[in-house]
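Participant: Pasting target26.cif here (mmCIF, C-alpha atoms):
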data_my_file
loop_
_atom_site.label_atom_id
_atom_site.label_comp_id
_atom_site.auth_asym_id
_atom_site.auth_seq_id
_atom_site.Cartn_x
_atom_site.Cartn_y
_atom_site.Cartn_z
CA MET F 1 10.49 -5.44 2.80
CA GLN F 2 11.90 -4.77 -0.61
CA GLY F 3 10.40 -2.67 -3.38
CA HIS F 4 8.60 -4.29 -6.29
CA TYR F 5 10.35 -6.01 -9.17
CA ILE F 6 8.65 -6.51 -12.51
CA ALA F 7 8.18 -10.22 -11.77
CA SER F 8 7.04 -9.96 -8.15
CA ALA F 9 4.48 -7.22 -7.63
CA ALA F 10 1.52 -7.55 -5.25
CA CYS F 11 -1.38 -9.65 -6.47
CA LEU F 12 -4.48 -7.46 -6.42
CA ALA F 13 -5.48 -4.82 -8.99
CA ALA F 14 -8.43 -2.52 -9.57
CA ILE F 15 -8.65 -1.30 -5.96
CA CYS F 16 -9.92 2.13 -4.99
CA LEU F 17 -8.70 3.88 -1.86
CA LEU F 18 -11.43 5.44 0.22
CA GLY F 19 -11.70 9.21 -0.09
CA GLY F 20 -12.12 11.71 2.70
CA ARG F 21 -9.56 11.63 5.46
CA ALA F 22 -9.32 7.86 5.58
CA PHE F 23 -5.59 7.17 5.38
CA GLY F 24 -5.08 10.67 4.00
CA GLN F 25 -5.38 14.32 4.87
CA SER F 26 -4.34 13.48 8.39
CA SER F 27 -4.21 15.89 11.27
CA ALA F 28 -0.60 15.01 12.03
CA ALA F 29 1.65 17.80 13.21
CA PRO F 30 3.98 19.37 10.62
CA GLY F 31 7.04 17.22 10.12
CA ALA F 32 5.33 14.08 11.41
CA PRO F 33 5.33 10.90 9.28
CA GLU F 34 2.15 10.21 7.34
CA PRO F 35 1.07 6.62 6.73
CA MET F 36 1.45 5.25 3.21
CA ILE F 37 0.04 2.26 1.41
CA GLY F 38 1.94 0.25 -1.17
CA LEU F 39 -0.13 0.00 -4.34
CA PRO F 40 -0.89 -3.35 -5.99
CA THR F 41 0.81 -3.30 -9.38
CA THR F 42 0.15 -6.70 -10.95
CA GLY F 43 0.78 -6.58 -14.69
CA LEU F 44 2.94 -3.46 -14.82
CA GLU F 45 5.67 -3.99 -17.43
CA ALA F 46 8.48 -1.76 -16.21
CA GLY F 47 11.01 -2.85 -18.84
CA ASP F 48 10.46 0.26 -20.97
CA ILE F 49 10.16 2.74 -18.10
CA PRO F 50 13.39 4.73 -17.73
CA ALA F 51 14.93 5.55 -14.36
CA GLN F 52 12.85 8.35 -12.92
CA GLN F 53 10.82 9.71 -10.03
CA ALA F 54 7.18 10.29 -10.91
CA VAL F 55 4.10 11.84 -9.34
CA PHE F 56 0.55 11.26 -10.60
CA SER F 57 -1.94 13.75 -9.22
CA ARG F 58 -4.61 13.38 -11.94
CA GLU F 59 -6.53 10.23 -12.75
CA GLN F 60 -6.22 10.76 -16.50
CA ASP F 61 -2.42 10.94 -16.31
CA TRP F 62 -2.26 7.81 -14.16
CA LEU F 63 -4.56 5.79 -16.42
CA GLU F 64 -2.65 6.85 -19.54
CA PHE F 65 0.64 5.86 -17.92
CA TRP F 66 -0.75 2.51 -16.81
CA LYS F 67 -2.30 1.73 -20.19
CA ALA F 68 1.05 2.41 -21.87
CA HIS F 69 2.80 -0.14 -19.65
CA SER F 70 0.22 -2.75 -18.72
CA LYS F 71 -2.70 -4.75 -20.09
CA ALA F 72 -4.07 -5.40 -16.59
CA PRO F 73 -6.62 -3.17 -14.82
CA ALA F 74 -5.07 -0.13 -13.20
CA PRO F 75 -5.10 0.23 -9.41
CA LEU F 76 -7.75 2.94 -8.94
CA VAL F 77 -7.22 5.87 -6.61
CA ASP F 78 -9.59 8.69 -5.62
CA PHE F 79 -7.44 11.54 -6.89
CA SER F 80 -9.52 14.13 -5.07
CA HIS F 81 -7.86 12.86 -1.89
CA TRP F 82 -4.82 10.92 -3.08
CA GLN F 83 -1.82 11.07 -5.37
CA ILE F 84 0.69 8.44 -6.41
CA ALA F 85 4.42 8.71 -5.87
CA ALA F 86 6.73 6.33 -7.72
CA VAL F 87 10.44 5.60 -8.03
CA PHE F 88 11.75 3.61 -11.02
CA LEU F 89 15.39 2.54 -11.22
CA GLY F 90 15.37 1.38 -14.84
CA GLN F 91 17.19 -1.71 -16.08
CA LYS F 92 19.55 -3.43 -13.64
CA PRO F 93 21.67 -6.56 -14.25
CA ASN F 94 20.72 -8.65 -11.21
CA PRO F 95 18.36 -8.89 -8.22
CA GLY F 96 20.93 -7.25 -5.95
CA TYR F 97 19.39 -3.93 -6.99
CA GLY F 98 16.15 -2.69 -5.48
CA VAL F 99 14.23 0.33 -4.27
CA HIS F 100 11.87 0.82 -1.36
CA ILE F 101 9.92 3.89 -0.21
CA ILE F 102 10.26 4.07 3.56
CA LEU F 103 8.80 7.38 4.73
CA ALA F 104 6.51 10.26 3.80
CA VAL F 105 6.83 13.43 5.87
CA ARG F 106 4.62 16.50 5.46
CA ARG F 107 5.92 19.99 6.14
CA ALA F 108 3.34 22.68 5.34
CA ASP F 109 2.27 22.06 1.73
CA GLU F 110 5.12 19.67 0.86
CA ILE F 111 5.49 15.92 1.35
CA THR F 112 9.00 14.50 1.20
CA ILE F 113 9.21 10.89 0.02
CA SER F 114 12.30 9.13 1.40
CA TYR F 115 13.48 5.94 -0.29
CA THR F 116 16.39 3.53 -0.22
CA GLU F 117 18.30 1.98 -3.11
CA SER F 118 19.86 -1.42 -2.54
CA ARG F 119 22.99 -2.44 -4.41
CA PRO F 120 24.80 -5.79 -4.73
CA ALA F 121 26.72 -6.74 -1.60
CA PRO F 122 30.47 -7.17 -2.12
CA GLY F 123 31.41 -10.80 -2.66
CA MET F 124 27.82 -11.98 -3.13
CA MET F 125 26.80 -13.99 -6.18
CA TYR F 126 23.52 -13.05 -7.87
CA ALA F 127 21.55 -14.68 -10.65
CA GLN F 128 22.28 -12.98 -13.97
CA MET F 129 18.71 -11.84 -14.46
CA ILE F 130 17.62 -8.45 -15.74
CA VAL F 131 15.34 -6.68 -13.26
CA TYR F 132 13.50 -3.35 -13.28
CA PRO F 133 13.13 -2.30 -9.63
CA TYR F 134 10.39 0.15 -8.73
CA ASP F 135 8.09 1.09 -5.88
CA LEU F 136 4.72 2.88 -5.79
CA VAL F 137 2.80 4.34 -2.86
CA ALA F 138 -0.35 6.37 -2.34
CA VAL F 139 0.04 9.51 -0.23
CA PRO F 140 -2.40 12.33 0.57
CA ALA F 141 -3.22 14.82 -2.19
CA GLY F 142 -2.93 18.56 -1.90
CA ALA F 143 0.82 18.77 -1.32
CA ARG F 144 3.85 19.08 -3.55
CA ILE F 145 5.96 15.90 -3.67
CA THR F 146 9.73 15.91 -3.36
CA PHE F 147 12.00 12.86 -3.27
CA GLN F 148 14.97 12.18 -1.05
CA LEU F 149 17.44 9.29 -1.30
CA ALA F 150 17.85 8.18 2.30
CA ARG F 151 20.34 5.36 1.85
CA THR F 152 22.12 3.36 -0.81
CA GLY F 153 24.14 0.17 -0.52
CA PRO F 154 23.58 -3.55 0.11
CA ALA F 155 20.08 -4.41 1.27
CA GLN F 156 19.78 -4.33 5.03
CA LYS F 157 18.09 -7.28 6.66
CA SER F 158 15.62 -6.57 9.43
CA GLN F 159 13.98 -9.01 11.76
CA ALA F 160 10.31 -9.64 11.09
CA ALA F 161 8.06 -10.16 14.08
CA GLU F 162 4.46 -11.23 14.28
CA ALA F 163 2.27 -8.17 14.70
CA PRO F 164 -0.97 -8.29 16.70
CA VAL F 165 -4.09 -8.09 14.54
CA ARG F 166 -7.61 -7.61 15.86
CA ALA F 167 -10.36 -8.38 13.35
CA LEU F 168 -13.54 -6.32 13.73
CA ASP F 169 -17.10 -7.55 13.39
CA MET F 170 -18.58 -6.23 10.12
CA THR F 171 -22.10 -7.56 10.60
CA GLY F 172 -24.60 -5.22 8.98
CA PHE F 173 -22.12 -3.39 6.76
CA SER F 174 -23.43 -2.67 3.28
CA PRO F 175 -21.11 -3.96 0.53
CA PRO F 176 -19.67 -1.34 -1.83
CA THR F 177 -20.16 -1.38 -5.59
CA GLN F 178 -16.40 -1.23 -6.18
CA ALA F 179 -13.55 -2.76 -4.20
CA ARG F 180 -11.47 -0.34 -2.17
CA TYR F 181 -8.87 -0.26 0.55
CA VAL F 182 -9.72 1.76 3.63
CA ALA F 183 -7.49 2.92 6.45
CA PHE F 184 -8.04 5.18 9.44
CA THR F 185 -5.43 6.90 11.55
CA ASP F 186 -7.44 9.07 13.96
CA GLU F 187 -10.59 8.78 16.02
CA ALA F 188 -12.63 11.45 14.22
CA GLN F 189 -12.34 9.85 10.78
CA TRP F 190 -12.95 6.38 12.22
CA ASP F 191 -16.08 7.45 14.13
CA ALA F 192 -17.48 9.22 11.05
CA PHE F 193 -16.94 6.13 8.89
CA TRP F 194 -18.46 3.78 11.44
CA ARG F 195 -21.53 5.97 11.99
CA SER F 196 -22.24 5.89 8.25
CA HIS F 197 -22.07 2.08 8.11
CA GLY F 198 -22.75 0.60 11.54
CA ARG F 199 -25.62 0.60 13.99
CA CYS F 200 -23.64 0.59 17.22
CA PRO F 201 -20.82 2.73 18.65
CA ALA F 202 -17.48 2.40 16.89
CA PRO F 203 -15.06 -0.10 18.39
CA LYS F 204 -12.44 1.59 20.54
CA VAL F 205 -9.03 2.00 18.95
CA ALA F 206 -5.93 3.47 20.64
CA PHE F 207 -4.87 5.61 17.69
CA GLN F 208 -1.63 6.70 19.34
CA GLU F 209 -0.39 3.12 18.91
CA GLU F 210 -2.89 1.57 16.48
CA MET F 211 -4.63 2.14 13.15
CA VAL F 212 -7.46 0.46 11.25
CA ILE F 213 -6.99 -0.94 7.77
CA GLY F 214 -9.28 -3.04 5.66
CA LEU F 215 -10.63 -4.11 2.32
CA LEU F 216 -14.26 -3.54 1.31
CA GLN F 217 -15.53 -5.59 -1.65
CA PRO F 218 -18.83 -6.32 -3.42
CA ASP F 219 -20.67 -9.53 -2.62
CA ASP F 220 -19.58 -11.13 -5.91
CA ALA F 221 -15.87 -10.59 -5.21
CA PRO F 222 -13.56 -13.45 -4.22
CA ALA F 223 -13.59 -14.35 -0.55
CA VAL F 224 -10.73 -13.00 1.53
CA ARG F 225 -9.19 -14.23 4.77
CA LEU F 226 -6.87 -12.23 6.98
CA ALA F 227 -4.17 -14.72 7.89
CA GLY F 228 -2.02 -12.54 10.13
CA ALA F 229 0.48 -9.71 10.07
CA GLN F 230 4.18 -9.09 10.41
CA LYS F 231 6.00 -5.93 11.42
CA VAL F 232 9.43 -5.06 10.02
CA ASP F 233 10.94 -1.87 11.39
CA ASN F 234 8.06 0.63 11.16
CA GLU F 235 6.14 -1.16 8.43
CA VAL F 236 3.32 -3.69 8.63
CA ARG F 237 2.56 -6.39 6.09
CA LEU F 238 -0.83 -8.04 6.25
CA LYS F 239 -1.05 -11.61 4.99
CA LEU F 240 -4.25 -12.13 3.01
CA VAL F 241 -5.59 -15.27 1.34
CA SER F 242 -8.10 -14.92 -1.50
CA GLY F 243 -10.29 -17.57 -3.11
CA SER F 244 -13.37 -17.96 -5.28
CA PRO F 245 -16.85 -16.71 -4.26
CA GLU F 246 -18.00 -20.34 -4.09
CA ALA F 247 -15.39 -21.07 -1.43
CA GLY F 248 -17.34 -19.07 1.14
CA GLY F 249 -15.88 -16.69 3.70
CA LEU F 250 -15.81 -12.95 4.03
CA ARG F 251 -15.57 -10.57 1.09
CA SER F 252 -14.45 -7.67 3.27
CA PHE F 253 -12.48 -7.16 6.45
CA LEU F 254 -11.52 -4.44 8.93
CA ALA F 255 -8.63 -5.00 11.30
CA VAL F 256 -6.79 -3.07 13.98
CA VAL F 257 -3.01 -3.24 13.46
CA PRO F 258 -0.02 -1.50 15.05
CA ARG F 259 0.44 2.07 13.80
CA ALA F 260 3.09 2.17 11.09
CA ASN F 261 4.64 4.42 8.45
CA ARG F 262 3.57 2.03 5.70
CA VAL F 263 1.14 -0.85 5.27
CA ASP F 264 1.45 -3.41 2.48
CA LEU F 265 -0.93 -6.23 1.67
CA ALA F 266 0.67 -9.55 0.70
CA TRP F 267 -1.76 -11.67 -1.32
CA THR F 268 -1.81 -15.41 -1.93
CA ARG F 269 -4.52 -17.57 -3.47
CA SER F 270 -6.08 -20.45 -1.62
CA SER F 271 -5.40 -23.94 -2.91
CA PRO F 272 -8.15 -25.45 -5.12
#
Could you quickly redo this structure as structure tokens?

Facilitator:
Amino acid sequence: MQGHYIASAACLAAICLLGGRAFGQSSAAPGAPEPMIGLPTTGLEAGDIPAQQAVFSREQDWLEFWKAHSKAPAPLVDFSHWQIAAVFLGQKPNPGYGVHIILAVRRADEITISYTESRPAPGMMYAQMIVYPYDLVAVPAGARITFQLARTGPAQKSQAAEAPVRALDMTGFSPPTQARYVAFTDEAQWDAFWRSHGRCPAPKVAFQEEMVIGLLQPDDAPAVRLAGAQKVDNEVRLKLVSGSPEAGGLRSFLAVVPRANRVDLAWTRSSP
């Protein structure tokens, strides 16, 4: 999965990640990978953003940055539990260039963000189109962020395989007032969340091999359908289809997916 280009970012904005330890502040051992989530960045105009690595640990700084580069709503993050790490490559002459954040590893009070830079492959022809490659992820707050270039060169192709997805019954869940992604990587955080929303014991999840990710939305939000998932290396991409409230269907979902370093949501709109 490649990093975002200015013309091909994910399709959903104005999403708030759940606070607490959901997909953050994990109990992983020092040096263990921490899950990340790729942020939806529809509307971000990266053409005037110079090549840089950036960290946003305060909501005010993030909103000011977004307002300076986009007219769309900013992806909202609970900065008491999250921070945003970003890599911008600046202007590049063709789509052979790209960037992708592949790993976040915590050691004590530091999280190292590893990323790859793709370059044009020798002998390949590319469209002469200016691109502005970048990638953004949310990682747990409370740690200093450092960046590490893990690899540079032609993009490496990996085989995508269908990943098993188990949708959970959300009957009786109260809709939130604001849309938000949620994710759970250990049993304690999952049980606490379920007890606060459900009336029966939490569904069993094998957190050594699995994790729970979902989208909670108000009742007036567009319907959403979980259409499946693919796994590429140690990353999972959920395929979601959104439509209008009149189309019917669920506004929220919770699903058990294979445990991964990173989870991205790929959005498409249903046909009229």

Participant: Have a look at F:Ala160, F:Val232, F:Leu250, F:Ala260 and name the one nearest to Glu209 (chain F); count only C-alpha atoms.

Facilitator: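 Smallest separation from Glu209 (chain F) among the options: F:Ala260.
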
Participant: Which residue gives the smallest distance to Gln91 (chain F) among F:Pro40, F:Pro203, F:Pro75, F:Pro133, with all atoms listed in the file counted?

Facilitator: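 Counting all atoms listed in the file, the residue closest to Gln91 (chain F) is F:Pro133.
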
Participant: Can you spell out as a list of chain:residue names the set of residues that the PyMOL selection byres ((chain F and resi 61-73) around 10) selects in the structure I just provided?

Facilitator: F:Leu12, F:Ala13, F:Ala14, F:Ile15, F:Thr41, F:Thr42, F:Gly43, F:Leu44, F:Glu45, F:Ala46, F:Gly47, F:Asp48, F:Ile49, F:Val55, F:Phe56, F:Ser57, F:Arg58, F:Glu59, F:Gln60, F:Ala74, F:Pro75, F:Leu76, F:Val77, F:Phe79, F:Gln83, F:Ile84

Participant: Export, as a short mmCIF file (atom, residue, chain, number, x, y, z; two decimals), in the frame of the given file, the selected residues with C-alpha atoms.

Facilitator:
data_model
loop_
_atom_site.label_atom_id
_atom_site.label_comp_id
_atom_site.auth_asym_id
_atom_site.auth_seq_id
_atom_site.Cartn_x
_atom_site.Cartn_y
_atom_site.Cartn_z
CA LEU F 12 -4.48 -7.46 -6.42
CA ALA F 13 -5.48 -4.82 -8.99
CA ALA F 14 -8.43 -2.52 -9.57
CA ILE F 15 -8.65 -1.30 -5.96
CA THR F 41 0.81 -3.30 -9.38
CA THR F 42 0.15 -6.70 -10.95
CA GLY F 43 0.78 -6.58 -14.69
CA LEU F 44 2.94 -3.46 -14.82
CA GLU F 45 5.67 -3.99 -17.43
CA ALA F 46 8.48 -1.76 -16.21
CA GLY F 47 11.01 -2.85 -18.84
CA ASP F 48 10.46 0.26 -20.97
CA ILE F 49 10.16 2.74 -18.10
CA VAL F 55 4.10 11.84 -9.34
CA PHE F 56 0.55 11.26 -10.60
CA SER F 57 -1.94 13.75 -9.22
CA ARG F 58 -4.61 13.38 -11.94
CA GLU F 59 -6.53 10.23 -12.75
CA GLN F 60 -6.22 10.76 -16.50
CA ALA F 74 -5.07 -0.13 -13.20
CA PRO F 75 -5.10 0.23 -9.41
CA LEU F 76 -7.75 2.94 -8.94
CA VAL F 77 -7.22 5.87 -6.61
CA PHE F 79 -7.44 11.54 -6.89
CA GLN F 83 -1.82 11.07 -5.37
CA ILE F 84 0.69 8.44 -6.41
#

Participant: Since I can't run it myself right now, could you work out what the PyMOL selection byres ((chain F and resi 127) around 9) selects here and report it as an NGL selection string?

Facilitator: :F and (93-96 or 125-126 or 128-130)

Participant: Please report the interatomic distance between CA of Leu238 (chain F) and CA of Leu168 (chain F) in Å with one decimal.

Facilitator: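 Atom-to-atom, CA of Leu238 (chain F) and CA of Leu168 (chain F) are spaced 14.8 Å apart.
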
Participant: How many Å lie between CA of Ser118 (chain F) and CA of Ala141 (chain F), rounded to one decimal?

Facilitator: 28.2 Å

Participant: What separation in Å, quoted to one decimal, exists between CA of Ala155 (chain F) and CA of Tyr97 (chain F)?

Facilitator: 8.3 Å

Participant: Given the file shown, determine the residues that the PyMOL selection byres ((chain F and resi 137) around 6) selects; report them as a compact mmCIF listing (two decimals) with C-alpha atoms, keeping the file's coordinate frame.

Facilitator:
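Wrote it out as selection33.txt, contents follow:
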# COMPACT_ATOMS: atom_id res chain seq x y z
CA ILE F 37 0.04 2.26 1.41
CA GLY F 38 1.94 0.25 -1.17
CA LEU F 39 -0.13 0.00 -4.34
CA ILE F 84 0.69 8.44 -6.41
CA ALA F 85 4.42 8.71 -5.87
CA LEU F 136 4.72 2.88 -5.79
CA ALA F 138 -0.35 6.37 -2.34

Participant: Which one is closest to Phe88 (chain F): F:Leu254, F:Val131, F:Ala108, F:Val241? Count all atoms listed in the file.

Facilitator: F:Val131

Participant: Name all residues at most 12 Å from region 148-151 of chain F (count all atoms listed in the file; drop same-chain ones fewer than 5 positions away) and give them as a PyMOL selection string.

Facilitator: chain F and resi 53+87+98-105+111-119+156

Participant: Measuring between all atoms listed in the file, which one of F:Ser158, F:Asn234, F:Ser252, F:Ser80 shows the shortest distance to Tyr181 (chain F)?

Facilitator: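 Ranking F:Ser158, F:Asn234, F:Ser252, F:Ser80 by distance to Tyr181 (chain F), first place goes to F:Ser252.
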
Participant: In terms of the shortest atom-to-atom distance over only C-alpha atoms, which of F:Val139, F:Ala54, F:Val257, F:Leu265 is closest to Ala206 (chain F)?

Facilitator: F:Val257
